[in-house]
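Below is data.cif, which holds mmCIF, C-alpha atoms (C1' of nucleotides).
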```cif
data_run
#
loop_
_atom_site.label_atom_id
_atom_site.label_comp_id
_atom_site.auth_asym_id
_atom_site.auth_seq_id
_atom_site.Cartn_x
_atom_site.Cartn_y
_atom_site.Cartn_z
CA MET A 1 -23.58 -29.31 4.37
CA ASP A 2 -23.07 -27.44 7.64
CA ILE A 3 -20.71 -24.49 7.76
CA GLU A 4 -18.04 -26.15 9.91
CA THR A 5 -17.73 -28.97 7.36
CA TYR A 6 -17.70 -26.54 4.42
CA LEU A 7 -14.89 -24.47 6.00
CA SER A 8 -12.67 -27.45 6.80
CA GLN A 9 -12.96 -29.90 3.90
CA GLN A 10 -10.52 -28.14 1.53
CA PRO A 11 -7.20 -26.29 1.81
CA THR A 12 -7.76 -22.69 2.93
CA PRO A 13 -6.83 -21.09 -0.45
CA ALA A 14 -9.50 -23.26 -2.15
CA ILE A 15 -12.04 -22.24 0.47
CA ALA A 16 -11.17 -18.56 -0.03
CA GLN A 17 -11.92 -18.90 -3.75
CA ASP A 18 -15.10 -20.89 -3.19
CA LEU A 19 -16.40 -18.18 -0.83
CA LEU A 20 -16.62 -15.74 -3.77
CA GLY A 21 -20.32 -15.49 -4.64
CA ARG A 22 -21.52 -16.99 -1.36
CA GLN A 23 -24.00 -14.94 0.64
CA LEU A 24 -23.37 -13.11 3.89
CA ARG A 25 -26.50 -12.49 5.96
CA LEU A 26 -26.84 -10.28 9.03
CA VAL A 27 -30.01 -10.17 11.10
CA THR A 28 -30.52 -7.03 13.21
CA PRO A 29 -33.47 -5.52 15.08
CA ALA A 30 -33.75 -2.95 12.28
CA GLY A 31 -33.97 -5.63 9.59
CA MET A 32 -31.93 -8.03 7.50
CA MET A 33 -28.95 -7.30 5.28
CA THR A 34 -27.55 -9.69 2.69
CA ALA A 35 -24.58 -9.37 0.36
CA TRP A 36 -22.46 -11.45 -2.02
CA ILE A 37 -18.80 -12.00 -1.18
CA THR A 38 -16.59 -10.44 -3.89
CA GLU A 39 -13.05 -10.46 -2.46
CA THR A 40 -11.15 -12.66 0.03
CA GLU A 41 -7.64 -13.38 1.27
CA ALA A 42 -6.26 -16.65 2.68
CA TYR A 43 -4.04 -16.66 5.77
CA LEU A 44 -2.15 -19.87 6.28
CA GLY A 45 -1.37 -20.03 9.97
CA ALA A 46 1.95 -20.93 11.58
CA GLN A 47 3.93 -21.11 8.33
CA ASP A 48 2.60 -17.79 6.94
CA ALA A 49 4.79 -14.77 7.71
CA GLY A 50 1.85 -12.48 6.91
CA ALA A 51 -0.55 -14.15 9.35
CA HIS A 52 -1.32 -13.20 12.95
CA ALA A 53 -0.72 -16.86 13.86
CA PHE A 54 2.79 -16.95 12.35
CA LYS A 55 4.97 -19.41 14.28
CA ASN A 56 1.88 -20.33 16.31
CA HIS A 57 2.23 -17.10 18.23
CA GLN A 58 -0.81 -16.93 20.49
CA THR A 59 -1.90 -13.63 22.05
CA ALA A 60 -5.04 -12.31 23.68
CA ARG A 61 -6.11 -10.82 20.34
CA ASN A 62 -5.86 -13.90 18.13
CA GLN A 63 -7.27 -16.66 20.36
CA ALA A 64 -10.21 -17.26 18.00
CA LEU A 65 -7.87 -18.54 15.28
CA TRP A 66 -7.27 -21.78 17.21
CA GLN A 67 -10.98 -22.53 17.48
CA SER A 68 -12.92 -24.74 15.07
CA ALA A 69 -13.88 -23.95 11.47
CA GLY A 70 -16.74 -21.47 11.30
CA THR A 71 -15.53 -19.36 14.22
CA ILE A 72 -15.69 -15.62 13.56
CA TYR A 73 -12.37 -13.77 14.01
CA ILE A 74 -12.70 -9.99 14.19
CA TYR A 75 -9.90 -7.65 15.18
CA GLN A 76 -9.35 -3.92 15.03
CA MET A 77 -7.01 -2.19 12.62
CA ARG A 78 -6.65 1.47 13.61
CA THR A 79 -10.25 2.72 13.53
CA GLN A 80 -11.55 -0.21 11.46
CA PHE A 81 -12.79 -3.71 12.23
CA LEU A 82 -11.85 -6.62 9.96
CA LEU A 83 -13.89 -9.79 9.46
CA ASN A 84 -12.35 -13.26 9.11
CA PHE A 85 -13.72 -16.82 9.15
CA VAL A 86 -11.63 -19.53 10.77
CA THR A 87 -10.97 -22.51 8.50
CA GLN A 88 -9.62 -26.01 9.21
CA ALA A 89 -9.85 -28.08 12.38
CA ALA A 90 -9.50 -26.65 15.89
CA GLY A 91 -5.83 -26.07 16.67
CA VAL A 92 -4.96 -25.15 13.05
CA PRO A 93 -4.92 -21.31 13.03
CA GLU A 94 -5.88 -20.60 9.40
CA CYS A 95 -8.53 -18.15 8.24
CA VAL A 96 -10.03 -16.19 5.34
CA LEU A 97 -10.33 -12.39 5.44
CA ILE A 98 -13.47 -10.92 3.82
CA ARG A 99 -12.33 -7.84 1.88
CA GLY A 100 -15.36 -6.96 -0.27
CA ILE A 101 -19.10 -7.64 -0.59
CA GLU A 102 -21.80 -6.63 -3.09
CA PRO A 103 -24.96 -5.39 -1.34
CA ALA A 104 -28.04 -7.47 -2.18
CA THR A 105 -30.82 -6.62 0.28
CA GLY A 106 -31.08 -4.17 3.16
CA LEU A 107 -29.25 -1.47 1.24
CA PRO A 108 -30.96 1.40 3.14
CA LEU A 109 -29.73 -0.08 6.44
CA MET A 110 -26.18 -0.25 5.10
CA GLN A 111 -26.27 3.33 3.85
CA ALA A 112 -27.63 4.49 7.20
CA ASN A 113 -24.64 2.82 8.88
CA ARG A 114 -22.19 4.23 6.34
CA PRO A 115 -23.45 7.28 4.41
CA GLN A 116 -21.47 6.87 1.20
CA PRO A 117 -22.34 6.40 -2.49
CA LEU A 118 -23.17 2.79 -3.40
CA LYS A 119 -19.89 2.21 -5.18
CA ASN A 120 -17.92 3.26 -2.08
CA LEU A 121 -20.11 1.40 0.43
CA THR A 122 -18.56 -2.05 0.84
CA ASN A 123 -15.42 -2.12 -1.35
CA GLY A 124 -12.94 -2.75 1.45
CA PRO A 125 -12.61 -4.82 4.63
CA GLY A 126 -13.16 -1.91 7.02
CA LYS A 127 -15.87 -0.32 4.89
CA LEU A 128 -18.02 -3.44 4.76
CA MET A 129 -17.94 -3.78 8.54
CA GLN A 130 -19.07 -0.14 8.86
CA ALA A 131 -21.90 -0.78 6.43
CA LEU A 132 -23.02 -3.84 8.36
CA GLY A 133 -22.73 -1.92 11.63
CA LEU A 134 -20.48 -4.57 13.21
CA ASP A 135 -17.71 -4.16 15.77
CA LYS A 136 -15.68 -6.91 17.44
CA GLN A 137 -18.55 -8.16 19.62
CA LEU A 138 -18.87 -11.31 17.50
CA ASN A 139 -15.17 -12.19 17.76
CA GLY A 140 -14.79 -15.82 18.85
CA GLN A 141 -18.44 -16.70 18.21
CA PRO A 142 -19.64 -19.27 15.66
CA LEU A 143 -21.23 -18.39 12.32
CA ASN A 144 -24.89 -19.26 11.73
CA VAL A 145 -25.79 -19.31 15.43
CA GLY A 146 -25.97 -15.61 16.26
CA PRO A 147 -26.89 -12.70 13.96
CA LEU A 148 -24.20 -13.34 11.33
CA HIS A 149 -24.75 -16.12 8.81
CA LEU A 150 -22.82 -17.54 5.88
CA GLN A 151 -25.28 -19.05 3.41
CA LEU A 152 -24.09 -21.66 0.90
CA THR A 153 -27.25 -21.14 -1.15
CA PRO A 154 -28.38 -19.14 -2.93
CA ARG A 155 -25.10 -18.28 -4.58
CA ARG A 156 -23.68 -16.38 -7.53
CA VAL A 157 -20.89 -17.77 -9.70
CA PRO A 158 -17.96 -15.61 -10.85
CA ILE A 159 -17.22 -15.54 -14.58
CA LYS A 160 -13.55 -15.28 -13.71
CA ILE A 161 -11.51 -15.14 -10.50
CA SER A 162 -8.42 -12.93 -10.33
CA THR A 163 -5.55 -13.44 -7.89
CA SER A 164 -2.85 -11.17 -6.50
CA GLY A 165 -0.59 -10.72 -3.53
CA ARG A 166 -2.33 -9.75 -0.31
CA VAL A 167 -2.97 -6.08 0.41
CA GLY A 168 -0.80 -4.56 3.12
CA ILE A 169 1.53 -7.56 3.53
CA VAL A 170 4.93 -5.92 2.92
CA ASN A 171 8.51 -7.02 3.58
CA LYS A 172 7.41 -10.60 4.20
CA GLY A 173 9.48 -12.19 1.42
CA ASP A 174 7.65 -14.72 -0.73
CA TRP A 175 4.56 -14.36 1.48
CA SER A 176 4.14 -10.76 0.28
CA SER A 177 3.73 -11.84 -3.35
CA ALA A 178 2.05 -15.23 -2.80
CA PRO A 179 -1.23 -15.30 -4.79
CA LEU A 180 -3.49 -15.58 -1.77
CA ARG A 181 -5.88 -12.71 -2.60
CA TYR A 182 -8.90 -13.63 -4.72
CA TYR A 183 -11.58 -11.43 -6.26
CA VAL A 184 -14.40 -11.52 -8.78
CA THR A 185 -12.91 -10.06 -11.96
CA GLY A 186 -14.80 -6.92 -13.01
CA ASN A 187 -16.86 -6.55 -9.83
CA PRO A 188 -17.20 -2.95 -8.58
CA TRP A 189 -17.11 -3.89 -4.86
CA VAL A 190 -13.49 -5.01 -4.84
CA SER A 191 -10.98 -2.91 -2.91
CA GLN A 192 -8.69 -0.64 -4.93
CA SER A 193 -10.53 -1.56 -8.13
CA ARG A 194 -10.12 0.83 -11.03
CA GLN A 195 -13.01 2.12 -13.06
CA ARG A 196 -11.66 0.73 -16.31
CA ASP A 197 -11.50 -2.80 -14.85
CA ILE A 198 -15.19 -2.85 -13.87
CA ASP A 199 -17.77 -4.70 -15.98
CA PRO A 200 -20.94 -2.58 -15.56
CA GLU A 201 -23.11 -5.21 -17.30
CA THR A 202 -22.42 -8.41 -15.36
CA HIS A 203 -20.45 -7.16 -12.33
CA GLY A 204 -18.38 -10.26 -13.04
CA TRP A 205 -21.14 -12.79 -12.27
CA GLN A 206 -22.47 -15.52 -14.53
CA ALA A 207 -26.09 -15.03 -15.62
CA LEU A 208 -28.68 -16.51 -13.23
"C1'" DG B 1 -9.63 9.21 -12.53
"C1'" DT B 2 -5.51 8.12 -9.87
"C1'" DT B 3 -1.90 8.79 -6.48
"C1'" DC B 4 -0.01 10.17 -2.25
"C1'" DG B 5 0.43 11.46 2.62
"C1'" DG B 6 -1.58 11.85 7.06
"C1'" DA B 7 -4.76 10.43 10.86
"C1'" DT B 8 -5.63 7.11 13.95
"C1'" DA B 9 -5.78 3.35 18.14
"C1'" DG B 10 -4.87 -1.16 19.57
"C1'" DT B 11 -1.39 -4.58 20.17
"C1'" DC B 12 3.03 -6.45 21.11
"C1'" DT B 13 8.24 -6.06 22.10
"C1'" DG C 1 8.22 2.95 21.09
"C1'" DA C 2 7.40 0.59 16.75
"C1'" DC C 3 4.32 -1.48 13.90
"C1'" DT C 4 0.28 -2.39 11.34
"C1'" DA C 5 -4.43 -7.67 7.07
"C1'" DT C 6 -7.13 0.80 6.57
"C1'" DC C 7 -9.58 4.91 5.05
"C1'" DC C 8 -10.11 9.53 3.43
"C1'" DG C 9 -9.26 13.72 1.20
"C1'" DA C 10 -6.20 16.83 -1.10
"C1'" DA C 11 -3.47 17.39 -5.05
"C1'" DC C 12 -2.43 16.36 -9.44
"C1'" DC C 13 -3.12 14.74 -13.83
#
```
Any chance you could give the structure as structure tokens?
Amino acid sequence: MDIETYLSQQPTPAIAQDLLGRQLRLVTPAGMMTAWITETEAYLGAQDAGAHAFKNHQTARNQALWQSAGTIYIYQMRTQFLLNFVTQAAGVPECVLIRGIEPATGLPLMQANRPQPLKNLTNGPGKLMQALGLDKQLNGQPLNVGPLHLQLTPRRVPIKISTSGRVGIVNKGDWSSAPLRYYVTGNPWVSQSRQRDIDPETHGWQAL
DNA sequence: GTTCGGATAGTCT
DNA sequence: GACTATCCGAACC
């Protein structure tokens, strides 16, 4: 299946959950980095008071959201860049925010980009972009054409998926508490995860 | 180990 | 001029 089909064949919350365990791959002149997606959030477009596209409000920043499934949407939050994938057909401004990844290969490259201990390397949406060395250059471009790829295989399968309200969405009524954040239960590379919730044996993945 | 406050810059009203 | 889809470090358990 191609990526555009994969990112448009289900409702966005289902896609956000299915993305857990899929592989992100970045090809750079210095080498390749791959990582497993551990945490996502769904943003549901015009109806979603927490979304940039609420009430179909188009601005210079959020143009990419109206493009086709598989378009990369990157925007800046203070000093950080945040990575999203557009879902659904062109004209439907929904997306999934990538909030955490587990490094798989290219770890030295990531630690060169972001000199932090492994456990603090990619456990947050801004942190993982630092580790990958990405800014908003790829905003509006399609996945799997340039340097950034989303691979459907190989994949890892979560033992259990946890849900919660989305991080940083406050004073938005029911949209603040809506269970649109998804993460691999027990995985260390999930934002705000507490030590006692981590499973050091499996990292929350089913055995290969 | 966990919580809290401040820094920070781009975007929109 | 207000408001963030964040991160870090200091302070306190």
**Message:** Taking all atoms listed in the file into account, find every residue of chain B that has an atom no more than 10 Å from chain A, and write it out as a count of residues only.
**Reply:** 8
**Request:** When you get a sec, could you note down which chain A residues fall within 9 Å of chain C, using all atoms listed in the file, as number ranges by chain?
**Result:** A: 41, 50-52, 77-80, 82, 97, 124-127, 166-169
Let's have the selection written as a PDB file, in the coordinates of the input, with C-alpha atoms.
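The resulting file, out18.pdb, is reproduced below:
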```pdb
ATOM      1  CA  GLU A  41      -7.640 -13.380   1.270  1.00  0.00           C
ATOM      2  CA  GLY A  50       1.850 -12.480   6.910  1.00  0.00           C
ATOM      3  CA  ALA A  51      -0.550 -14.150   9.350  1.00  0.00           C
ATOM      4  CA  HIS A  52      -1.320 -13.200  12.950  1.00  0.00           C
ATOM      5  CA  MET A  77      -7.010  -2.190  12.620  1.00  0.00           C
ATOM      6  CA  ARG A  78      -6.650   1.470  13.610  1.00  0.00           C
ATOM      7  CA  THR A  79     -10.250   2.720  13.530  1.00  0.00           C
ATOM      8  CA  GLN A  80     -11.550  -0.210  11.460  1.00  0.00           C
ATOM      9  CA  LEU A  82     -11.850  -6.620   9.960  1.00  0.00           C
ATOM     10  CA  LEU A  97     -10.330 -12.390   5.440  1.00  0.00           C
ATOM     11  CA  GLY A 124     -12.940  -2.750   1.450  1.00  0.00           C
ATOM     12  CA  PRO A 125     -12.610  -4.820   4.630  1.00  0.00           C
ATOM     13  CA  GLY A 126     -13.160  -1.910   7.020  1.00  0.00           C
ATOM     14  CA  LYS A 127     -15.870  -0.320   4.890  1.00  0.00           C
ATOM     15  CA  ARG A 166      -2.330  -9.750  -0.310  1.00  0.00           C
ATOM     16  CA  VAL A 167      -2.970  -6.080   0.410  1.00  0.00           C
ATOM     17  CA  GLY A 168      -0.800  -4.560   3.120  1.00  0.00           C
ATOM     18  CA  ILE A 169       1.530  -7.560   3.530  1.00  0.00           C
TER      19      ILE A 169
END
```
**Request:** May I have the protein, DNA and RNA residues with any atom at most 9 Å from the point (-1.6, 3.3, -2.6), counting all atoms listed in the file, written as a VMD selection string?
**Result:** (chain A and resid 192) or (chain B and resid 3 to 4)
**Asked** What is the distance, in Å and to one decimal place, between atom CA of A:Asp135 and atom CA of A:Glu4?
**Response**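 These two atoms are separated by 22.8 Å.
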**Message:** Taking the file as I've supplied it (selection: the PyMOL selection byres ((chain A and resi 165) around 7)), which residues are included? Please answer as a PyMOL selection string.
**Reply:** chain A and resi 164+166-167+176-181
**Request:** In Å, rounded to a single decimal, give me how far atom CA of A:Ala42 is from atom CA of A:Met110.
**Result:** 25.9 Å
**Request:** List, as a VMD selection string, every residue that the PyMOL selection byres ((chain A and resi 145) around 12) selects in the file provided.
**Result:** chain A and resid 2 to 4 25 to 27 70 to 72 138 141 to 144 146 to 150
Residue IDs satisfying the PyMOL selection byres ((chain A and resi 111) around 12), as an mmCIF file with C-alpha atoms, in the coordinates of the input:
```cif
data_model
loop_
_atom_site.group_PDB
_atom_site.id
_atom_site.type_symbol
_atom_site.label_atom_id
_atom_site.label_comp_id
_atom_site.auth_asym_id
_atom_site.auth_seq_id
_atom_site.Cartn_x
_atom_site.Cartn_y
_atom_site.Cartn_z
ATOM 1 C CA MET A 33 -28.950 -7.300 5.280
ATOM 2 C CA PRO A 103 -24.960 -5.390 -1.340
ATOM 3 C CA THR A 105 -30.820 -6.620 0.280
ATOM 4 C CA GLY A 106 -31.080 -4.170 3.160
ATOM 5 C CA LEU A 107 -29.250 -1.470 1.240
ATOM 6 C CA PRO A 108 -30.960 1.400 3.140
ATOM 7 C CA LEU A 109 -29.730 -0.080 6.440
ATOM 8 C CA MET A 110 -26.180 -0.250 5.100
ATOM 9 C CA ALA A 112 -27.630 4.490 7.200
ATOM 10 C CA ASN A 113 -24.640 2.820 8.880
ATOM 11 C CA ARG A 114 -22.190 4.230 6.340
ATOM 12 C CA PRO A 115 -23.450 7.280 4.410
ATOM 13 C CA GLN A 116 -21.470 6.870 1.200
ATOM 14 C CA PRO A 117 -22.340 6.400 -2.490
ATOM 15 C CA LEU A 118 -23.170 2.790 -3.400
ATOM 16 C CA LYS A 119 -19.890 2.210 -5.180
ATOM 17 C CA ASN A 120 -17.920 3.260 -2.080
ATOM 18 C CA LEU A 121 -20.110 1.400 0.430
ATOM 19 C CA THR A 122 -18.560 -2.050 0.840
ATOM 20 C CA LYS A 127 -15.870 -0.320 4.890
ATOM 21 C CA LEU A 128 -18.020 -3.440 4.760
ATOM 22 C CA MET A 129 -17.940 -3.780 8.540
ATOM 23 C CA GLN A 130 -19.070 -0.140 8.860
ATOM 24 C CA ALA A 131 -21.900 -0.780 6.430
ATOM 25 C CA LEU A 132 -23.020 -3.840 8.360
ATOM 26 C CA GLY A 133 -22.730 -1.920 11.630
#
```
**Asked** Quick one: distance from atom CA of A:Asp18 to atom CA of A:Ile74 in Å, one decimal?
**Response**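 Separation between atom CA of A:Asp18 and atom CA of A:Ile74: 20.7 Å.
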